There are 2 protein chains.
Amino acid sequence: MNFSFSNSTRIEFGQGRIAKLASLIDADQKVLVVYGGGSIKKNGVYDQIKDALKDHSWLEFSGVEANPTVETLDKAVELARKEKVDYILAVGGGSVIDGCKYIAAATLYDGDGWDILTRKYTVARALPLGVVLTLPATGSESNGGSVVTKAATKEKLSFGSPLVLPRVAVLDPDVIKSLPERQVANGVVDAFVHICEQYLSHNSDAWVQDGYAEALLRNLVRLAEEFPQRDNDVWRNNLMWTANQALNGLIGAGVAQDWATHMIGHEITALYGVDHARTLAIVQPSLLRVQIADKRAKLEQMGRNVFNLPQDDNLAETTIEAIERLYSSLEIPIRLSHAGIEGDTAVPALVDALEKHGMTALGENRAITLDVSREILQRAA
Amino acid sequence: MNFSFSNSTRIEFGQGRIAKLASLIDADQKVLVVYGGGSIKKNGVYDQIKDALKDHSWLEFSGVEANPTVETLDKAVELARKEKVDYILAVGGGSVIDGCKYIAAATLYDGDGWDILTRKYTVARALPLGVVLTLPATGSESNGGSVVTKAATKEKLSFGSPLVLPRVAVLDPDVIKSLPERQVANGVVDAFVHICEQYLSHNSDAWVQDGYAEALLRNLVRLAEEFPQRDNDVWRNNLMWTANQALNGLIGAGVAQDWATHMIGHEITALYGVDHARTLAIVQPSLLRVQIADKRAKLEQMGRNVFNLPQDDNLAETTIEAIERLYSSLEIPIRLSHAGIEGDTAVPALVDALEKHGMTALGENRAITLDVSREILQRAA
């Protein structure tokens with residue numbers, strides 16, 4: 001175990017906490033409020049923000065889409081520059097937050113913002129960023145990672161920088177009340193796979209990280225079991241805090257991480273527009289089966305400590321089946337075909353996309369070559 | 001669940017990490033290195049610090065005692081002022097770190113530093129503080145709390161401020177190698193009780209906080225079981241990270257906290273000089289028995305999830321007995337008499353001290369009056 005860890009995002013958790021923004025953003029900062037399709041105007045969030053910022057100078061940019069595109073985000077960058085904005089306030093889920101990380105960095109960069117995603121430019125400056133989370137899933141509200149899509153080329157790439165770590169994140173669980181069922185279910189799965197990416201790797205003898213990961217996974221199993229009865233504060237509170245902890249850096253500090261499921265999943269979203277969480281549920285079980293030799297010990301540990309399964313020779317496979325049952329119970333597809341994608345044409349196209357993006361050695365051991373990705377996708381057909 | 005949480009301390013965890021201080025403390029800052037009795041000159045830590053600060057201007061102050069006294073610390077304050085120090089580097093365990101928090105705040109306060117402890121002055125400014133942890137136990141390396149003693153009056157009081165939260169904390173588990181067995185055992189117990197103070201309260205339906213607390217408690221049970229074979233990196237890594245997580249604010253966010261064991265324990269240290277951890281092991285079991293009606297549900301949960309005890313009518317009491325066995329296995333006293341203290345004279349003296357310090361309504365429900373404290377101490381005799 002050898003790591004640096006810090007996470008300075010200030011969390012404001014609880015009902016009515018959006019009002020805190022009044023004092024958490026300096027009074028002299030000009031704020032650009034960025035959001036998506038406008039659901040915040042129906043659920044009361046927009047009005048709460050308007051109230052919190054009543055003594056601030058602020059303007060807004062709306063229309064950030066799911067899987068935010070650089071084409072849309074660059075319009076916000078242009079606005080931020082023209083209006084000399086000091087502070088970006090992201091109001092949304094992972095797409096809006098990730099998009100705002102791009103906006104915060106690209107606004108202060110003279111070149112083409114896409115350079116940030118292609119690694120041609122390393123972020124050296126960024127506007128301060130705050131978040132009002134409207135969809136628990138991403139963890140993006142307290143980490144420095146971001147995924148952005150280029151519509152023109154159907155590319156979905158990621159970047160990370162401590163400079164785009166949100167200064168403050170408001171987590172009011174009441175926002176879950178007005179979410180469509182599909183988005184809430186996606187959130188449970190997204191958080192579950194975030195944890196697995198940092199947990200289902202070789203053993204690092206990191207008892208804190210493993211114990212925390214298992215606690216979060218057990219929470220999500222319970223939240224899924226109680227999904228039909230989810231309209232209560234306890235359910236909402238625990239989903240919101242669990243999803244945050246799943247990807248704030250803590251459970252991944254000093255342990256082997258994988259992220260191959262994410263990299264392959266991103267290509268499915270880029271080419272076929274499938275919801276991010278659903279791509280993960282499609283890829284992960286097959287990936288775990290193909291990588292079972294490397295992941296057997298951790299899968300068995302997960303079986304015992306998360307799903308309460310008995311130890312036997314087949315425990316690793318039984319654990320993968322338990323994961324599949326979890327996703328299926330939330331009506332999340334676990335095969336390409338369930339999402340209406342035809343494997344014979346999709347698999348070669350997805351492998352080509354992975355190759356194009358240099359994703360030729362994925363996973364904790366860099367052992368997932370294009371051939372292995374092909375096998376995973378074929379099994380996931 | 002309703003809380004603000006942030007913890008910006010940057011953790012540098014692992015062997016050889018002291019060298020990182022070279023870049024983590026600004027080159028133009030004049031550093032006061034503060035330590036205790038000089039064990040750091042024998043175990044190599046002092047030399048590593050000297051090497052890390054070779055391009056900095058720095059001076060040192062040694063002799064901070066266990067249960068640091070304001071009498072000693074005020075000499076460091078005088079030195080820091082005279083030498084116009086910019087940065088305090090604490091090298092030690094809880095006593096040195098807590099002492100340095102006082103130094104950091106008192107140096108920039110014009111009045112009598114003890115005002116910080118009596119709450120006459122609320123900390124408004126403090127020098128930046130860094131930590132090299134030499135004894136895992138306290139959690140003080142990543143929180144804003146501090147306990148300081150006034151030798152003249154045998155008073156042990158606490159204060160807290162986000163302004164004295166360490167900027168950086170170096171956690172190199174190798175420092176454990178040269179520690180006396182008694183200090184390592186104390187550290188296990190100290191961390192265990194820190195967690196209990198935030199966990200053994202009424203149910204807050206906070207699944208993340210409970211799950212994390214239980215993971216940390218299970219780690220400490222395992223570390224105690226493996227105590228005789230503790231000379232290995234895995235044991236040291238996991239003790240150091242577990243003890244940190246026990247008191248960095250995360251497991252206590254949004255849940256009911258108690259801290260009565262600490263308040264009563266502080267009086268035992270102040271009057272009789274018993275090691276901090278040992279006072280906790282003496283007070284806690286009796287306190288739990290006296291408060292068993294309020295704490296039954298959480299004690300039962302702890303029995304099931306930490307000690308793997310079967311559910312029955314007696315589970316709360318069985319859990320308290322398991323806690324006692326844990327402490328005894330580390331040769332930690334669990335009664336005043338084990339520490340050579342005679343109850344008949346000590347109990348009234350301790351109750352008087354609690355009264356003097358306004359500790360008349362302790363615990364999660366403020367229900368531990370002086371009479372209840374007397375009963376707890378009598379049972380602990």
# chains A, B, ... in the order shown; residues from 1 in each chain; ligands from 1

$ residues_around --residues "A:Asp352" --least-positions-apart "4" --cutoff "12 Å" --atoms "only C-alpha atoms" --output "CSV table (one decimal) with N, CA and C atoms, in the first residue's frame"
chain,number,residue,atom,x,y,z
A,155,GLU,N,-16.7,9.5,-30.7
A,155,GLU,CA,-15.7,9.1,-29.8
A,155,GLU,C,-16.1,9.6,-28.3
A,264,ILE,N,-14.7,-0.5,-22.4
A,264,ILE,CA,-15.5,-1.2,-23.4
A,264,ILE,C,-16.9,-0.6,-23.5
A,267,GLU,N,-17.5,2.5,-25.5
A,267,GLU,CA,-17.6,2.4,-27.0
A,267,GLU,C,-19.1,2.0,-27.4
A,268,ILE,N,-19.7,1.2,-26.5
A,268,ILE,CA,-21.1,0.8,-26.8
A,268,ILE,C,-22.0,2.1,-26.8
A,271,LEU,N,-21.2,4.3,-29.9
A,271,LEU,CA,-21.8,3.8,-31.2
A,271,LEU,C,-23.3,3.6,-31.2
A,345,THR,N,-22.8,-7.8,-36.1
A,345,THR,CA,-22.2,-6.6,-36.7
A,345,THR,C,-21.6,-5.7,-35.6
A,346,ALA,N,-22.1,-5.7,-34.4
A,346,ALA,CA,-21.6,-4.8,-33.3
A,346,ALA,C,-20.2,-5.2,-32.8
A,347,VAL,N,-20.0,-6.5,-32.7
A,347,VAL,CA,-18.7,-6.8,-32.0
A,347,VAL,C,-17.5,-6.3,-32.9
A,348,PRO,N,-17.5,-6.6,-34.2
A,348,PRO,CA,-16.3,-6.0,-34.9
A,348,PRO,C,-16.2,-4.5,-34.9
A,356,LYS,N,-9.0,2.0,-32.4
A,356,LYS,CA,-8.8,3.4,-32.8
A,356,LYS,C,-8.5,4.3,-31.6
A,357,HIS,N,-9.0,3.9,-30.4
A,357,HIS,CA,-8.8,4.7,-29.2
A,357,HIS,C,-7.6,4.2,-28.4
A,358,GLY,N,-6.9,3.3,-28.9
A,358,GLY,CA,-5.7,2.8,-28.2
A,358,GLY,C,-6.0,1.9,-27.0
A,359,MET,N,-7.2,1.4,-27.0
A,359,MET,CA,-7.6,0.5,-25.9
A,359,MET,C,-7.2,-0.9,-26.1
A,360,THR,N,-5.9,-1.1,-26.2
A,360,THR,CA,-5.5,-2.4,-26.7
A,360,THR,C,-4.8,-3.2,-25.5
A,370,LEU,N,-7.1,-6.6,-27.7
A,370,LEU,CA,-8.3,-6.5,-28.6
A,370,LEU,C,-9.0,-7.9,-28.8
A,371,ASP,N,-8.1,-8.9,-28.8
A,371,ASP,CA,-8.7,-10.3,-29.0
A,371,ASP,C,-9.5,-10.7,-27.7
A,373,SER,N,-11.0,-8.5,-25.7
A,373,SER,CA,-12.2,-7.7,-25.7
A,373,SER,C,-13.2,-8.3,-26.7
A,374,ARG,N,-12.7,-8.8,-27.8
A,374,ARG,CA,-13.6,-9.5,-28.8
A,374,ARG,C,-14.3,-10.6,-28.1

$ residues_around --residues "A:Ile251" --least-positions-apart "3" --cutoff "12 Å" --atoms "only C-alpha atoms" --output "PyMOL selection string"
(chain A and resi 3+5+194-200+204+206-217+242+244-248+254-257) or (chain B and resi 212+241+245)

$ select_by_dssp --residues "stretch 18-255 of chain A" --states "alpha helix (DSSP H)" --output "count of residues only"
93

$ select_by_dssp --residues "stretch 99-319 of chain B" --states "strand (DSSP E)" --output "count of residues only"
21

$ closest_atom_pairs --of "stretch 238-314 of chain B" --to "stretch 51-67 of chain B" --cutoff "10 Å" --atoms "only C-alpha atoms" --output "tab-separated table"
residue	atom	partner	partner_atom	distance
B:His266	CA	B:Asn67	CA	9.6
B:Thr269	CA	B:Asn67	CA	8.2
B:Ala270	CA	B:Asn67	CA	8.4
B:Gly273	CA	B:Asn67	CA	8.6
B:Val274	CA	B:Asn67	CA	9.9
B:Asp275	CA	B:Ala66	CA	8.4
B:His276	CA	B:Asn67	CA	8.2

$ write_last_selection --atoms "N, CA, C and O atoms" --output "compact mmCIF listing (two decimals), in the first residue's frame"
# COMPACT_ATOMS: atom_id res chain seq x y z
N HIS B 266 -10.62 11.31 30.27
CA HIS B 266 -9.67 12.44 30.39
C HIS B 266 -9.41 12.80 31.84
O HIS B 266 -8.28 13.17 32.21
N THR B 269 -6.87 10.39 33.34
CA THR B 269 -5.50 10.75 32.95
C THR B 269 -5.02 11.99 33.70
O THR B 269 -3.90 12.03 34.21
N ALA B 270 -5.88 12.99 33.78
CA ALA B 270 -5.47 14.25 34.41
C ALA B 270 -5.10 14.04 35.88
O ALA B 270 -4.11 14.58 36.36
N GLY B 273 -2.62 10.13 35.71
CA GLY B 273 -1.56 9.90 34.72
C GLY B 273 -1.66 8.59 33.95
O GLY B 273 -0.70 8.13 33.35
N VAL B 274 -2.86 7.99 33.94
CA VAL B 274 -3.03 6.73 33.20
C VAL B 274 -3.04 7.03 31.69
O VAL B 274 -3.62 8.03 31.26
N ASP B 275 -2.40 6.16 30.90
CA ASP B 275 -2.39 6.32 29.43
C ASP B 275 -3.82 6.53 28.93
O ASP B 275 -4.74 5.82 29.34
N HIS B 276 -3.98 7.43 27.96
CA HIS B 276 -5.30 7.75 27.42
C HIS B 276 -6.10 6.51 27.04
O HIS B 276 -7.25 6.32 27.47

$ closest_residue --among "A:His262, A:Leu21, A:Ala76, A:Gly144" --to "A:Ala191" --atoms "only C-alpha atoms"
A:His262

$ residues_around --residues "B:Arg296" --least-positions-apart "5" --cutoff "10 Å" --atoms "only C-alpha atoms" --output "ChimeraX atom specification"
/B:200-202,288-289,291,301-302,314-317,319

$ atom_distance --atom1 "atom CA of B:Asp344" --atom2 "atom CA of B:Tyr327"
24.1 Å

$ residues_around --residues "stretch 31-33 of chain B" --least-positions-apart "2" --cutoff "12 Å" --atoms "only C-alpha atoms" --output "PyMOL selection string"
chain B and resi 21-22+25-29+35-36+40+45-46+49-50+52-64+76-92+96-97+100+103-104+107+127-132

$ closest_residue --among "B:Val193, B:Leu377, B:Leu117, B:Leu220" --to "chain A" --atoms "only C-alpha atoms"
B:Leu220

$ residues_around --residues "B:Thr69" --least-positions-apart "2" --cutoff "10 Å" --atoms "only C-alpha atoms" --output "PyMOL selection string"
chain B and resi 64-67+71-74+95+99+147-152+154-156

$ closest_residue --among "A:Lys177, A:His338, A:Arg278, A:Arg218" --to "A:Asn232" --atoms "only C-alpha atoms"
A:Lys177

$ atom_distance --atom1 "atom CA of B:Val189" --atom2 "atom CA of B:Glu324"
10.7 Å

$ decode --residues "stretch 279-292 of chain A" --atoms "N, CA and C atoms" --output "PDB file, in the first residue's frame"
ATOM      1  N   THR A 279     -24.536  -0.242 -20.377  1.00  0.00           N
ATOM      2  CA  THR A 279     -23.372  -0.825 -21.066  1.00  0.00           C
ATOM      3  C   THR A 279     -22.493  -1.584 -20.068  1.00  0.00           C
ATOM      4  N   LEU A 280     -22.404  -1.061 -18.848  1.00  0.00           N
ATOM      5  CA  LEU A 280     -21.579  -1.721 -17.830  1.00  0.00           C
ATOM      6  C   LEU A 280     -22.173  -3.072 -17.460  1.00  0.00           C
ATOM      7  N   ALA A 281     -23.490  -3.103 -17.313  1.00  0.00           N
ATOM      8  CA  ALA A 281     -24.168  -4.354 -16.952  1.00  0.00           C
ATOM      9  C   ALA A 281     -24.059  -5.385 -18.072  1.00  0.00           C
ATOM     10  N   ILE A 282     -23.924  -4.918 -19.294  1.00  0.00           N
ATOM     11  CA  ILE A 282     -23.759  -5.828 -20.438  1.00  0.00           C
ATOM     12  C   ILE A 282     -22.342  -6.392 -20.479  1.00  0.00           C
ATOM     13  N   VAL A 283     -21.367  -5.537 -20.259  1.00  0.00           N
ATOM     14  CA  VAL A 283     -19.966  -5.957 -20.418  1.00  0.00           C
ATOM     15  C   VAL A 283     -19.453  -6.737 -19.211  1.00  0.00           C
ATOM     16  N   GLN A 284     -19.785  -6.276 -17.999  1.00  0.00           N
ATOM     17  CA  GLN A 284     -19.099  -6.775 -16.805  1.00  0.00           C
ATOM     18  C   GLN A 284     -19.204  -8.288 -16.572  1.00  0.00           C
ATOM     19  N   PRO A 285     -20.415  -8.882 -16.644  1.00  0.00           N
ATOM     20  CA  PRO A 285     -20.458 -10.325 -16.355  1.00  0.00           C
ATOM     21  C   PRO A 285     -19.580 -11.143 -17.311  1.00  0.00           C
ATOM     22  N   SER A 286     -19.605 -10.806 -18.573  1.00  0.00           N
ATOM     23  CA  SER A 286     -18.780 -11.548 -19.535  1.00  0.00           C
ATOM     24  C   SER A 286     -17.299 -11.295 -19.283  1.00  0.00           C
ATOM     25  N   LEU A 287     -16.965 -10.072 -18.975  1.00  0.00           N
ATOM     26  CA  LEU A 287     -15.565  -9.746 -18.675  1.00  0.00           C
ATOM     27  C   LEU A 287     -15.078 -10.545 -17.471  1.00  0.00           C
ATOM     28  N   LEU A 288     -15.919 -10.624 -16.448  1.00  0.00           N
ATOM     29  CA  LEU A 288     -15.513 -11.374 -15.253  1.00  0.00           C
ATOM     30  C   LEU A 288     -15.325 -12.853 -15.574  1.00  0.00           C
ATOM     31  N   ARG A 289     -16.185 -13.398 -16.447  1.00  0.00           N
ATOM     32  CA  ARG A 289     -16.046 -14.818 -16.805  1.00  0.00           C
ATOM     33  C   ARG A 289     -14.752 -15.053 -17.585  1.00  0.00           C
ATOM     34  N   VAL A 290     -14.443 -14.142 -18.518  1.00  0.00           N
ATOM     35  CA  VAL A 290     -13.221 -14.310 -19.316  1.00  0.00           C
ATOM     36  C   VAL A 290     -11.970 -14.143 -18.436  1.00  0.00           C
ATOM     37  N   GLN A 291     -12.061 -13.276 -17.434  1.00  0.00           N
ATOM     38  CA  GLN A 291     -10.912 -12.988 -16.562  1.00  0.00           C
ATOM     39  C   GLN A 291     -10.978 -13.781 -15.249  1.00  0.00           C
ATOM     40  N   ILE A 292     -11.762 -14.831 -15.215  1.00  0.00           N
ATOM     41  CA  ILE A 292     -12.072 -15.462 -13.925  1.00  0.00           C
ATOM     42  C   ILE A 292     -10.825 -15.998 -13.217  1.00  0.00           C
TER      43      ILE A 292
END
